[in-house]
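Q: Please find coords_0.cif (mmCIF, C-alpha atoms and all ligand atoms) on the next line:
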```
data_protein
#
loop_
_atom_site.label_atom_id
_atom_site.label_comp_id
_atom_site.auth_asym_id
_atom_site.auth_seq_id
_atom_site.Cartn_x
_atom_site.Cartn_y
_atom_site.Cartn_z
CA ALA A 212 -79.91 31.46 -125.22
CA LYS A 213 -78.72 32.56 -128.63
CA GLU A 214 -74.99 32.08 -127.97
CA ARG A 215 -75.35 28.52 -126.74
CA GLY A 216 -75.83 26.62 -129.97
CA LYS A 217 -78.69 24.83 -131.62
CA ASN A 218 -79.48 22.15 -129.08
CA ASN A 219 -79.60 24.45 -126.12
CA TYR A 220 -81.62 26.96 -128.08
CA GLN A 221 -84.26 24.30 -128.51
CA PHE A 222 -84.13 23.50 -124.84
CA TYR A 223 -84.71 27.12 -123.91
CA ASN A 224 -87.55 27.46 -126.37
CA SER A 225 -89.41 24.38 -125.25
CA SER A 226 -92.48 24.88 -123.11
CA LEU A 227 -92.35 24.86 -119.34
CA HIS A 228 -94.24 21.60 -119.41
CA GLU A 229 -91.62 19.96 -121.62
CA LYS A 230 -88.83 21.27 -119.44
CA ASN A 231 -90.40 19.84 -116.31
CA GLU A 232 -90.88 16.52 -118.02
CA LYS A 233 -87.26 16.46 -119.10
CA LYS A 234 -86.18 17.36 -115.58
CA MET A 235 -88.27 14.61 -114.01
CA ARG A 236 -86.86 12.01 -116.40
CA ILE A 237 -83.35 13.11 -115.48
CA GLU A 238 -84.15 13.08 -111.75
CA GLY A 239 -85.25 9.47 -111.67
CA LYS A 240 -82.21 8.24 -113.59
CA LEU A 241 -79.82 10.49 -111.69
CA ARG A 242 -80.73 8.88 -108.37
CA LYS A 243 -79.49 5.53 -109.71
CA ALA A 244 -76.57 6.72 -111.83
CA LEU A 245 -73.85 6.34 -109.20
CA GLU A 246 -74.71 2.76 -108.24
CA HIS A 247 -75.06 1.85 -111.92
CA ASN A 248 -71.56 3.23 -112.64
CA GLU A 249 -72.85 5.57 -115.32
CA PHE A 250 -70.42 8.41 -114.64
CA VAL A 251 -66.93 8.84 -116.00
CA LEU A 252 -64.49 11.70 -115.76
CA TYR A 253 -62.93 13.37 -118.76
CA TYR A 254 -59.84 15.51 -118.43
CA GLN A 255 -59.05 18.76 -120.20
CA PRO A 256 -55.37 19.78 -120.29
CA LYS A 257 -54.31 23.13 -118.82
CA ILE A 258 -51.46 24.55 -120.87
CA GLU A 259 -48.71 27.06 -120.09
CA LEU A 260 -49.37 29.42 -123.00
CA SER A 261 -45.87 30.66 -123.71
CA THR A 262 -44.29 27.19 -123.74
CA ASN A 263 -47.18 24.92 -124.72
CA ARG A 264 -46.31 22.80 -121.67
CA LEU A 265 -48.94 20.77 -119.82
CA VAL A 266 -49.39 22.04 -116.26
CA GLY A 267 -52.44 20.12 -115.15
CA VAL A 268 -55.87 18.83 -116.02
CA GLU A 269 -59.43 19.77 -115.14
CA ALA A 270 -61.76 16.87 -114.39
CA LEU A 271 -65.17 17.18 -116.06
CA ILE A 272 -67.93 14.67 -115.41
CA ARG A 273 -69.68 12.79 -118.19
CA TRP A 274 -72.94 10.85 -117.82
CA TYR A 275 -74.24 8.24 -120.20
CA ASN A 276 -77.60 6.64 -119.47
CA LYS A 277 -79.00 3.89 -121.68
CA GLU A 278 -82.37 5.60 -122.06
CA LEU A 279 -81.36 9.26 -121.92
CA GLY A 280 -78.11 8.96 -123.87
CA PHE A 281 -75.42 11.51 -123.02
CA VAL A 282 -76.69 14.18 -120.65
CA SER A 283 -74.68 17.40 -120.36
CA PRO A 284 -73.37 18.34 -116.89
CA ALA A 285 -74.84 21.79 -117.55
CA ASP A 286 -78.23 20.06 -117.45
CA PHE A 287 -77.79 17.52 -114.65
CA ILE A 288 -75.38 19.18 -112.19
CA PRO A 289 -77.97 21.87 -111.26
CA ILE A 290 -80.54 19.10 -110.68
CA ALA A 291 -78.09 17.07 -108.59
CA GLU A 292 -77.41 20.24 -106.62
CA GLU A 293 -81.09 20.89 -106.03
CA LEU A 294 -81.77 17.31 -104.91
CA GLY A 295 -78.68 17.11 -102.70
CA LEU A 296 -77.36 14.27 -104.86
CA ILE A 297 -74.32 16.44 -105.55
CA ILE A 298 -72.94 15.40 -102.15
CA PRO A 299 -72.44 11.69 -102.98
CA ILE A 300 -71.76 12.41 -106.67
CA GLY A 301 -69.27 15.14 -105.77
CA LYS A 302 -67.49 12.80 -103.37
CA TRP A 303 -67.19 10.23 -106.14
CA ILE A 304 -65.80 12.86 -108.54
CA LEU A 305 -63.22 14.04 -106.03
CA ARG A 306 -62.08 10.52 -105.16
CA GLU A 307 -61.90 9.41 -108.78
CA ALA A 308 -59.97 12.52 -109.90
CA CYS A 309 -57.44 12.17 -107.05
CA ARG A 310 -57.04 8.44 -107.64
CA GLN A 311 -56.46 9.00 -111.36
CA CYS A 312 -53.94 11.76 -110.73
CA VAL A 313 -51.92 9.47 -108.44
CA GLU A 314 -52.06 6.70 -111.03
CA TRP A 315 -50.69 9.06 -113.68
CA GLN A 316 -47.98 10.32 -111.36
CA GLN A 317 -46.97 6.72 -110.69
CA LEU A 318 -46.82 6.12 -114.45
CA GLY A 319 -44.27 8.94 -114.55
CA PHE A 320 -46.43 11.84 -115.76
CA LYS A 321 -44.47 14.76 -114.35
CA ASN A 322 -45.88 17.67 -112.32
CA LEU A 323 -49.44 16.71 -113.07
CA SER A 324 -52.03 18.48 -110.96
CA VAL A 325 -55.78 18.01 -111.08
CA ALA A 326 -58.56 20.58 -110.78
CA VAL A 327 -62.00 19.48 -109.59
CA ASN A 328 -65.22 21.51 -109.87
CA ILE A 329 -66.99 21.92 -106.55
CA SER A 330 -70.60 23.03 -106.59
CA PRO A 331 -71.82 25.57 -104.00
CA ARG A 332 -73.85 23.07 -102.01
CA GLN A 333 -70.87 20.73 -101.77
CA PHE A 334 -68.59 23.55 -100.67
CA LYS A 335 -70.98 24.55 -97.87
CA ASP A 336 -71.61 21.00 -96.68
CA PRO A 337 -70.40 20.65 -93.06
CA SER A 338 -68.47 17.48 -93.88
CA PHE A 339 -66.72 18.91 -96.95
CA ILE A 340 -63.31 19.57 -95.38
CA GLN A 341 -63.23 16.14 -93.77
CA THR A 342 -64.18 14.56 -97.11
CA VAL A 343 -61.26 16.31 -98.81
CA VAL A 344 -58.85 15.25 -96.05
CA ASN A 345 -60.08 11.64 -96.15
CA ILE A 346 -59.84 11.36 -99.93
CA LEU A 347 -56.30 12.78 -100.00
CA GLU A 348 -55.30 10.26 -97.37
CA GLU A 349 -57.08 7.37 -99.06
CA THR A 350 -55.60 8.06 -102.49
CA GLY A 351 -52.19 9.28 -101.32
CA LEU A 352 -52.34 12.47 -103.43
CA SER A 353 -50.18 15.32 -102.08
CA PRO A 354 -52.55 18.22 -101.35
CA HIS A 355 -50.69 20.77 -103.49
CA TYR A 356 -51.55 18.73 -106.60
CA LEU A 357 -55.26 19.28 -106.01
CA GLU A 358 -57.07 22.48 -106.99
CA LEU A 359 -60.73 23.06 -106.18
CA GLU A 360 -62.71 25.22 -108.60
CA ILE A 361 -65.47 27.15 -106.87
CA THR A 362 -67.65 29.99 -108.12
CA GLU A 363 -68.18 33.56 -107.02
CA SER A 364 -71.45 32.54 -105.37
CA ILE A 365 -69.41 31.79 -102.23
CA MET A 366 -69.28 35.56 -101.73
CA GLU A 367 -72.92 35.41 -100.65
CA ASP A 368 -71.84 34.13 -97.26
CA ILE A 369 -68.42 35.64 -96.94
CA LYS A 370 -67.86 34.81 -93.26
CA ARG A 371 -68.62 31.14 -93.61
CA SER A 372 -66.76 30.86 -96.91
CA ARG A 373 -63.68 32.51 -95.46
CA ALA A 374 -63.60 29.94 -92.64
CA ILE A 375 -63.85 27.07 -95.14
CA LEU A 376 -61.15 28.59 -97.36
CA GLU A 377 -58.81 29.06 -94.39
CA LYS A 378 -59.19 25.40 -93.50
CA LEU A 379 -58.57 24.31 -97.08
CA LYS A 380 -55.42 26.40 -97.07
CA GLN A 381 -54.28 24.60 -93.91
CA VAL A 382 -54.95 21.27 -95.61
CA GLY A 383 -52.72 22.51 -98.42
CA VAL A 384 -55.04 22.27 -101.41
CA LYS A 385 -55.35 25.13 -103.91
CA VAL A 386 -58.50 27.04 -104.72
CA ALA A 387 -59.56 28.72 -107.97
CA ILE A 388 -62.47 31.05 -108.61
CA ASP A 389 -64.15 29.63 -111.72
CA ASP A 390 -66.06 31.62 -114.35
CA PHE A 391 -64.47 34.73 -112.92
CA GLY A 392 -66.18 37.96 -113.90
CA THR A 393 -69.65 36.51 -114.48
CA GLY A 394 -70.90 36.69 -110.90
CA TYR A 395 -70.97 39.15 -108.13
CA SER A 396 -67.55 39.53 -106.56
CA SER A 397 -66.57 42.22 -104.17
CA LEU A 398 -62.98 43.00 -105.08
CA HIS A 399 -62.45 44.08 -101.51
CA TYR A 400 -63.30 40.64 -100.18
CA LEU A 401 -61.71 38.80 -103.05
CA CYS A 402 -58.26 40.18 -102.44
CA HIS A 403 -58.41 39.23 -98.78
CA LEU A 404 -59.46 35.63 -99.31
CA PRO A 405 -56.96 32.75 -99.43
CA ILE A 406 -57.43 31.99 -103.13
CA ASN A 407 -54.68 30.94 -105.53
CA THR A 408 -56.17 31.29 -108.98
CA ILE A 409 -58.80 33.12 -110.97
CA LYS A 410 -60.18 31.44 -114.07
CA ILE A 411 -61.40 34.05 -116.51
CA ASP A 412 -64.72 33.06 -118.03
CA LYS A 413 -64.87 32.09 -121.67
CA SER A 414 -67.20 35.01 -122.45
CA PHE A 415 -64.31 37.44 -121.85
CA VAL A 416 -61.86 35.39 -123.90
CA ASP A 417 -64.41 35.42 -126.75
CA GLY A 418 -64.54 39.20 -126.39
CA ILE A 419 -61.26 39.88 -128.14
CA HIS A 420 -62.92 39.16 -131.48
CA ILE A 421 -65.88 41.36 -130.67
CA SER A 422 -65.02 44.89 -129.57
CA ALA A 423 -62.43 47.23 -128.13
CA GLU A 424 -64.47 47.49 -124.94
CA LYS A 425 -64.37 43.73 -124.43
CA VAL A 426 -60.63 43.76 -125.01
CA ALA A 427 -60.27 46.44 -122.36
CA ILE A 428 -62.26 44.37 -119.86
CA LEU A 429 -60.21 41.23 -120.49
CA GLN A 430 -56.97 43.16 -120.15
CA THR A 431 -58.19 44.76 -116.92
CA ILE A 432 -59.14 41.41 -115.37
CA ILE A 433 -55.72 39.93 -116.20
CA ASP A 434 -53.87 42.96 -114.78
CA MET A 435 -55.99 43.00 -111.65
CA GLY A 436 -55.43 39.27 -111.11
CA HIS A 437 -51.69 39.74 -111.33
CA ARG A 438 -51.63 42.75 -109.04
CA LEU A 439 -53.54 40.76 -106.45
CA GLN A 440 -50.99 37.95 -106.92
CA PHE A 441 -53.37 35.36 -108.29
CA GLU A 442 -52.46 32.87 -110.94
CA VAL A 443 -54.59 33.83 -113.94
CA VAL A 444 -56.03 31.09 -116.13
CA ALA A 445 -58.11 31.68 -119.26
CA GLU A 446 -60.80 29.18 -120.24
CA GLY A 447 -62.49 28.53 -123.56
CA ILE A 448 -59.56 29.41 -125.84
CA GLU A 449 -60.52 28.50 -129.39
CA THR A 450 -58.19 30.46 -131.68
CA ARG A 451 -54.53 31.25 -132.21
CA SER A 452 -55.24 34.98 -131.98
CA GLN A 453 -56.73 34.48 -128.50
CA VAL A 454 -53.55 32.68 -127.45
CA ASP A 455 -51.42 35.51 -128.85
CA PHE A 456 -53.48 38.15 -127.08
CA LEU A 457 -53.27 36.29 -123.75
CA VAL A 458 -49.51 35.73 -124.03
CA ASN A 459 -49.01 39.42 -124.90
CA HIS A 460 -50.96 40.35 -121.79
CA SER A 461 -49.00 37.84 -119.72
CA CYS A 462 -51.81 35.47 -118.91
CA GLN A 463 -49.75 32.36 -118.18
CA VAL A 464 -52.13 29.44 -118.40
CA GLY A 465 -55.12 28.50 -120.52
CA GLN A 466 -57.49 25.78 -121.62
CA GLY A 467 -59.71 25.35 -124.60
CA TYR A 468 -60.62 23.54 -127.77
CA TYR A 469 -57.70 25.26 -129.52
CA PHE A 470 -55.49 22.87 -127.50
CA ASN A 471 -57.81 20.00 -126.59
CA LYS A 472 -61.35 19.07 -125.87
CA PRO A 473 -61.89 17.25 -122.57
CA LEU A 474 -60.40 13.77 -123.16
CA SER A 475 -61.21 10.28 -121.93
CA VAL A 476 -58.51 8.65 -119.78
CA ASN A 477 -57.35 6.66 -122.79
CA ASP A 478 -57.19 9.62 -125.14
CA PHE A 479 -55.46 11.77 -122.54
CA GLU A 480 -52.76 9.13 -122.08
CA LYS A 481 -52.22 8.85 -125.84
CA TRP A 482 -52.06 12.63 -126.20
CA TYR A 483 -49.71 12.92 -123.20
CA ILE A 484 -47.27 10.39 -124.59
CA ALA A 485 -47.38 11.94 -128.07
CA GLN A 486 -46.67 15.46 -126.80
CA ALA A 487 -44.04 14.29 -124.30
CA PHE A 488 -41.95 12.90 -127.18
CA ALA A 489 -42.76 15.65 -129.68
P1 LIG B 1 -66.91 24.86 -116.37
O1 LIG B 1 -66.36 24.38 -115.07
O2 LIG B 1 -66.81 26.31 -116.64
O3 LIG B 1 -66.19 23.99 -117.47
C1 LIG B 1 -65.85 24.46 -118.74
C2 LIG B 1 -66.81 23.95 -119.79
O4 LIG B 1 -66.45 24.49 -121.06
C3 LIG B 1 -66.78 22.43 -119.98
O5 LIG B 1 -68.08 22.02 -120.40
C4 LIG B 1 -65.79 22.28 -121.14
O6 LIG B 1 -65.96 21.08 -121.86
C5 LIG B 1 -66.14 23.47 -121.97
N1 LIG B 1 -65.02 23.96 -122.78
C6 LIG B 1 -63.69 23.82 -122.57
N2 LIG B 1 -62.98 24.44 -123.54
C7 LIG B 1 -63.88 24.99 -124.38
C8 LIG B 1 -63.76 25.78 -125.60
O7 LIG B 1 -62.68 26.09 -126.07
N3 LIG B 1 -64.94 26.17 -126.17
C9 LIG B 1 -66.15 25.84 -125.67
N4 LIG B 1 -67.24 26.27 -126.32
N5 LIG B 1 -66.30 25.12 -124.54
C10 LIG B 1 -65.17 24.70 -123.90
P2 LIG B 1 -68.80 20.77 -119.73
O8 LIG B 1 -67.81 19.68 -119.49
O9 LIG B 1 -70.01 20.48 -120.56
O10 LIG B 1 -69.24 21.32 -118.31
C11 LIG B 1 -70.17 22.36 -118.18
C12 LIG B 1 -70.26 22.83 -116.75
O11 LIG B 1 -70.80 21.79 -115.92
C13 LIG B 1 -68.90 23.16 -116.14
O12 LIG B 1 -68.49 24.46 -116.51
C14 LIG B 1 -69.21 23.02 -114.65
O13 LIG B 1 -69.88 24.16 -114.19
C15 LIG B 1 -70.18 21.84 -114.66
N6 LIG B 1 -69.40 20.60 -114.42
C16 LIG B 1 -68.77 19.79 -115.29
N7 LIG B 1 -68.16 18.77 -114.64
C17 LIG B 1 -68.40 18.96 -113.32
C18 LIG B 1 -68.01 18.25 -112.14
O14 LIG B 1 -67.28 17.24 -112.16
N8 LIG B 1 -68.48 18.75 -110.93
C19 LIG B 1 -69.26 19.88 -110.88
N9 LIG B 1 -69.66 20.30 -109.68
N10 LIG B 1 -69.60 20.58 -111.98
C20 LIG B 1 -69.19 20.12 -113.18
CA CA B 2 -64.37 24.63 -114.10
CA CA B 3 -65.18 27.73 -115.93
CA CA B 4 -67.38 29.14 -117.89
#
```
Could the structure of this file be written out as structure tokens, please?

A:
Amino acid sequence: AKERGKNNYQFYNSSLHEKNEKKMRIEGKLRKALEHNEFVLYYQPKIELSTNRLVGVEALIRWYNKELGFVSPADFIPIAEELGLIIPIGKWILREACRQCVEWQQLGFKNLSVAVNISPRQFKDPSFIQTVVNILEETGLSPHYLELEITESIMEDIKRSRAILEKLKQVGVKVAIDDFGTGYSSLHYLCHLPINTIKIDKSFVDGIHISAEKVAILQTIIDMGHRLQFEVVAEGIETRSQVDFLVNHSCQVGQGYYFNKPLSVNDFEKWYIAQAFA
């Protein structure tokens, strides 16, 4: 809890009773949030580190409810997952992100790809592949512009996950392993799965300011990713020295507050136009 900031610290320290109450309040509102149009997507730029060039965006959901105020996805996504609401909400996220990407491409934003977070329950849902295919068709997005971010938890059912990943590869969408290094991943399985990208978790990027051991781990993950022919993306970059370290260790792509926070559609468009003419 200690590394997560004041607000979360309070959340962790509150009694079980308070936590349940908070959860129940979220539950009730969450069931209605889609039909009340309370969700929006924000977009965080992914940057090619050596050139500062935009290579894509990651869609991140935001929820504002009149009574609850802003609720963090870290708080409500796990609840949506538990209640199964992540299936309709996830479908909305995927459709909205693809639609927006096409709109930007039509406005002339070049080579813009979009990454969408997929929660484990969504990934395992029997209709998931068909949903992806339908949304690509509906929105007209070329599959190679879509990247799905999944977590290492898929390794728990390697046979089933492999079958899903093979189908996604046939569809032509890309797949990234998010928060890489924080979960259980058998390297043996990992290197035999049809995955395009590993996203190194922020905790490792933070490590370069902490100790030589952490530096060694980060360096090892980057090297391993390259040797296994994955694209390697670093998340949570906050300082210039992290950028320098990553470039020196040939990590090509990164995201983080050092470049941008996740931006509203409006702010992203303003930023895009400003940097395109800079
Ligand atoms: P994630 O997928 O690992 O997303 C990265 C989180 O780190 C985002 O928080 C982002 O705003 C934040 N972040 C980005 N750069 C920095 C930085 O430099 N420093 C710091 N301290 N934080 C940074 P966010 O948007 O609050 O999302 C939290 C988590 O909620 C996400 O972690 C993801 O697991 C989940 N989530 C968010 N949006 C979605 C979504 O549309 N679908 C699903 N299934 N999950 C989502
Ligand atoms: Ca992510
Ligand atoms: Ca992540
Ligand atoms: Ca993370």

Q: Which residues are near stretch 273-280 of chain A? Cut-off 7 Å, only C-alpha atoms, ignore same chain within fewer than 6 positions. Put them as a list of chain:residue names.

A: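 Those residues are A:Glu249, A:Phe250, A:Val251, A:Leu252, A:Tyr253.
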
Q: Take the selection from the previous step and output its residues with C-alpha atoms, as a PDB file, in the frame of the given file.

A:
```
ATOM      1  CA  GLU A 249     -72.850   5.570-115.320  1.00  0.00           C
ATOM      2  CA  PHE A 250     -70.420   8.410-114.640  1.00  0.00           C
ATOM      3  CA  VAL A 251     -66.930   8.840-116.000  1.00  0.00           C
ATOM      4  CA  LEU A 252     -64.490  11.700-115.760  1.00  0.00           C
ATOM      5  CA  TYR A 253     -62.930  13.370-118.760  1.00  0.00           C
TER       6      TYR A 253
END
```

Q: Pull the neighbourhood of (-56.7, 39.9, -107.8) for me: all residues within 12 Å in file coordinates, counting only C-alpha atoms, as JSON, numbers by chain.

A: {"A": [387, 388, 391, 392, 396, 397, 398, 399, 400, 401, 402, 403, 404, 405, 406, 407, 408, 409, 410, 411, 431, 432, 433, 434, 435, 436, 437, 438, 439, 440, 441, 442, 443]}

Q: Smallest atom-to-atom distance to A:Ser283: which of A:Ile237, A:Glu314, A:Val426, A:Arg373, using only C-alpha atoms?

A: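 Smallest separation from A:Ser283 among the options: A:Ile237.
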
Q: Show me which residues sit within 9 Å of ligand CA 2 (chain B) when counting all atoms listed in the file, and put them as a list in words.

A: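 Counting all atoms listed in the file, the residues within 9 Å of ligand CA 2 (chain B) come out as Glu269, Ala270, Leu271, Ala326, Val327, Asn328, Ile329, Leu359, Glu360, Ile361, Thr362, Ala387, Ile388, Asp389, Asp390, Lys410 and Glu446 of chain A.
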
Q: Of the residues A:Cys309, A:Ile346, A:Ala285, A:Val266, which is the one nearest to A:Gly465, using all atoms listed in the file?

A: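 Closest candidate: A:Val266.
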
Q: Residues within 10 Å of A:Ala487, please, as a tab-separated table (two decimals) with C-alpha atoms, keeping the file's coordinate frame. Count all atoms listed in the file; anything in the same chain fewer than 5 positions from it doesn't count.

A:
```tsv
chain	number	residue	atom	x	y	z
A	264	ARG	CA	-46.31	22.80	-121.67
A	265	LEU	CA	-48.94	20.77	-119.82
A	320	PHE	CA	-46.43	11.84	-115.76
A	321	LYS	CA	-44.47	14.76	-114.35
A	481	LYS	CA	-52.22	8.85	-125.84
A	482	TRP	CA	-52.06	12.63	-126.20
```

Q: Hey, what's within 10 Å of A:Phe287 if we count only C-alpha atoms and toss same-chain stuff fewer than 2 positions away? As a PyMOL selection string, please?

A: chain A and resi 234+237-238+241+274+282-285+289-293+297

Q: Using atom O7 of ligand LIG 1 (chain B) and atom CA of A:Tyr469 as the two end points, give the distance in Å to one decimal.

A: 6.1 Å

Q: Starting from the sparse input, extend stretch 270-279 of chain A to all heavy atoms and give the output as a PDB file, in the coordinates of the input.

A:
```pdb
ATOM      1  N   ALA A 270     -60.836  18.003-114.280  1.00  0.00           N
ATOM      2  CA  ALA A 270     -61.760  16.870-114.390  1.00  0.00           C
ATOM      3  C   ALA A 270     -63.152  17.394-114.696  1.00  0.00           C
ATOM      4  O   ALA A 270     -63.621  18.349-114.070  1.00  0.00           O
ATOM      5  CB  ALA A 270     -61.759  16.084-113.081  1.00  0.00           C
ATOM      6  N   LEU A 271     -63.803  16.788-115.690  1.00  0.00           N
ATOM      7  CA  LEU A 271     -65.170  17.180-116.060  1.00  0.00           C
ATOM      8  C   LEU A 271     -66.015  15.912-116.168  1.00  0.00           C
ATOM      9  O   LEU A 271     -65.646  14.960-116.859  1.00  0.00           O
ATOM     10  CB  LEU A 271     -65.154  17.950-117.385  1.00  0.00           C
ATOM     11  CG  LEU A 271     -64.477  19.323-117.300  1.00  0.00           C
ATOM     12  CD1 LEU A 271     -63.972  19.787-118.668  1.00  0.00           C
ATOM     13  CD2 LEU A 271     -65.440  20.363-116.704  1.00  0.00           C
ATOM     14  N   ILE A 272     -67.136  15.908-115.465  1.00  0.00           N
ATOM     15  CA  ILE A 272     -67.930  14.670-115.410  1.00  0.00           C
ATOM     16  C   ILE A 272     -68.710  14.447-116.696  1.00  0.00           C
ATOM     17  O   ILE A 272     -69.130  15.408-117.355  1.00  0.00           O
ATOM     18  CB  ILE A 272     -68.871  14.695-114.178  1.00  0.00           C
ATOM     19  CG1 ILE A 272     -69.432  13.291-113.900  1.00  0.00           C
ATOM     20  CG2 ILE A 272     -69.991  15.718-114.363  1.00  0.00           C
ATOM     21  CD1 ILE A 272     -70.125  13.163-112.551  1.00  0.00           C
ATOM     22  N   ARG A 273     -68.859  13.192-117.050  1.00  0.00           N
ATOM     23  CA  ARG A 273     -69.680  12.790-118.190  1.00  0.00           C
ATOM     24  C   ARG A 273     -70.654  11.717-117.732  1.00  0.00           C
ATOM     25  O   ARG A 273     -70.293  10.839-116.970  1.00  0.00           O
ATOM     26  CB  ARG A 273     -68.799  12.231-119.321  1.00  0.00           C
ATOM     27  CG  ARG A 273     -67.841  13.274-119.912  1.00  0.00           C
ATOM     28  CD  ARG A 273     -68.608  14.341-120.685  1.00  0.00           C
ATOM     29  NE  ARG A 273     -67.778  15.404-121.223  1.00  0.00           N
ATOM     30  CZ  ARG A 273     -67.631  16.593-120.653  1.00  0.00           C
ATOM     31  NH1 ARG A 273     -68.202  16.873-119.495  1.00  0.00           N
ATOM     32  NH2 ARG A 273     -66.897  17.520-121.233  1.00  0.00           N
ATOM     33  N   TRP A 274     -71.907  11.808-118.220  1.00  0.00           N
ATOM     34  CA  TRP A 274     -72.940  10.850-117.820  1.00  0.00           C
ATOM     35  C   TRP A 274     -73.579  10.260-119.050  1.00  0.00           C
ATOM     36  O   TRP A 274     -74.122  10.982-119.885  1.00  0.00           O
ATOM     37  CB  TRP A 274     -73.996  11.545-116.945  1.00  0.00           C
ATOM     38  CG  TRP A 274     -75.111  10.637-116.518  1.00  0.00           C
ATOM     39  CD1 TRP A 274     -75.059   9.282-116.343  1.00  0.00           C
ATOM     40  CD2 TRP A 274     -76.453  11.031-116.197  1.00  0.00           C
ATOM     41  NE1 TRP A 274     -76.280   8.808-115.928  1.00  0.00           N
ATOM     42  CE2 TRP A 274     -77.154   9.858-115.836  1.00  0.00           C
ATOM     43  CE3 TRP A 274     -77.127  12.256-116.176  1.00  0.00           C
ATOM     44  CZ2 TRP A 274     -78.498   9.867-115.467  1.00  0.00           C
ATOM     45  CZ3 TRP A 274     -78.455  12.277-115.807  1.00  0.00           C
ATOM     46  CH2 TRP A 274     -79.136  11.091-115.449  1.00  0.00           C
ATOM     47  N   TYR A 275     -73.512   8.943-119.150  1.00  0.00           N
ATOM     48  CA  TYR A 275     -74.240   8.240-120.200  1.00  0.00           C
ATOM     49  C   TYR A 275     -75.259   7.311-119.560  1.00  0.00           C
ATOM     50  O   TYR A 275     -74.921   6.457-118.741  1.00  0.00           O
ATOM     51  CB  TYR A 275     -73.281   7.428-121.091  1.00  0.00           C
ATOM     52  CG  TYR A 275     -74.043   6.676-122.162  1.00  0.00           C
ATOM     53  CD1 TYR A 275     -74.482   7.322-123.306  1.00  0.00           C
ATOM     54  CD2 TYR A 275     -74.340   5.319-122.000  1.00  0.00           C
ATOM     55  CE1 TYR A 275     -75.208   6.654-124.273  1.00  0.00           C
ATOM     56  CE2 TYR A 275     -75.070   4.636-122.974  1.00  0.00           C
ATOM     57  CZ  TYR A 275     -75.503   5.306-124.105  1.00  0.00           C
ATOM     58  OH  TYR A 275     -76.221   4.638-125.053  1.00  0.00           O
ATOM     59  N   ASN A 276     -76.519   7.502-119.930  1.00  0.00           N
ATOM     60  CA  ASN A 276     -77.600   6.640-119.470  1.00  0.00           C
ATOM     61  C   ASN A 276     -78.225   5.968-120.684  1.00  0.00           C
ATOM     62  O   ASN A 276     -78.438   6.619-121.708  1.00  0.00           O
ATOM     63  CB  ASN A 276     -78.628   7.472-118.707  1.00  0.00           C
ATOM     64  CG  ASN A 276     -79.845   6.657-118.315  1.00  0.00           C
ATOM     65  OD1 ASN A 276     -80.789   6.514-119.099  1.00  0.00           O
ATOM     66  ND2 ASN A 276     -79.827   6.113-117.114  1.00  0.00           N
ATOM     67  N   LYS A 277     -78.488   4.671-120.542  1.00  0.00           N
ATOM     68  CA  LYS A 277     -79.000   3.890-121.680  1.00  0.00           C
ATOM     69  C   LYS A 277     -80.221   4.523-122.326  1.00  0.00           C
ATOM     70  O   LYS A 277     -80.363   4.533-123.540  1.00  0.00           O
ATOM     71  CB  LYS A 277     -79.332   2.470-121.238  1.00  0.00           C
ATOM     72  CG  LYS A 277     -78.141   1.540-121.302  1.00  0.00           C
ATOM     73  CD  LYS A 277     -78.576   0.073-121.385  1.00  0.00           C
ATOM     74  CE  LYS A 277     -77.374  -0.857-121.337  1.00  0.00           C
ATOM     75  NZ  LYS A 277     -77.287  -1.633-120.099  1.00  0.00           N
ATOM     76  N   GLU A 278     -81.142   5.032-121.488  1.00  0.00           N
ATOM     77  CA  GLU A 278     -82.370   5.600-122.060  1.00  0.00           C
ATOM     78  C   GLU A 278     -82.218   7.061-122.456  1.00  0.00           C
ATOM     79  O   GLU A 278     -82.762   7.496-123.469  1.00  0.00           O
ATOM     80  CB  GLU A 278     -83.528   5.445-121.076  1.00  0.00           C
ATOM     81  CG  GLU A 278     -84.140   4.056-121.125  1.00  0.00           C
ATOM     82  CD  GLU A 278     -84.916   3.748-119.878  1.00  0.00           C
ATOM     83  OE1 GLU A 278     -85.864   4.509-119.576  1.00  0.00           O
ATOM     84  OE2 GLU A 278     -84.577   2.766-119.192  1.00  0.00           O
ATOM     85  N   LEU A 279     -81.473   7.827-121.655  1.00  0.00           N
ATOM     86  CA  LEU A 279     -81.360   9.260-121.920  1.00  0.00           C
ATOM     87  C   LEU A 279     -80.243   9.593-122.902  1.00  0.00           C
ATOM     88  O   LEU A 279     -80.208  10.683-123.463  1.00  0.00           O
ATOM     89  CB  LEU A 279     -81.101  10.019-120.613  1.00  0.00           C
ATOM     90  CG  LEU A 279     -82.155   9.909-119.512  1.00  0.00           C
ATOM     91  CD1 LEU A 279     -81.654  10.576-118.238  1.00  0.00           C
ATOM     92  CD2 LEU A 279     -83.473  10.533-119.952  1.00  0.00           C
TER      93      LEU A 279
END
```
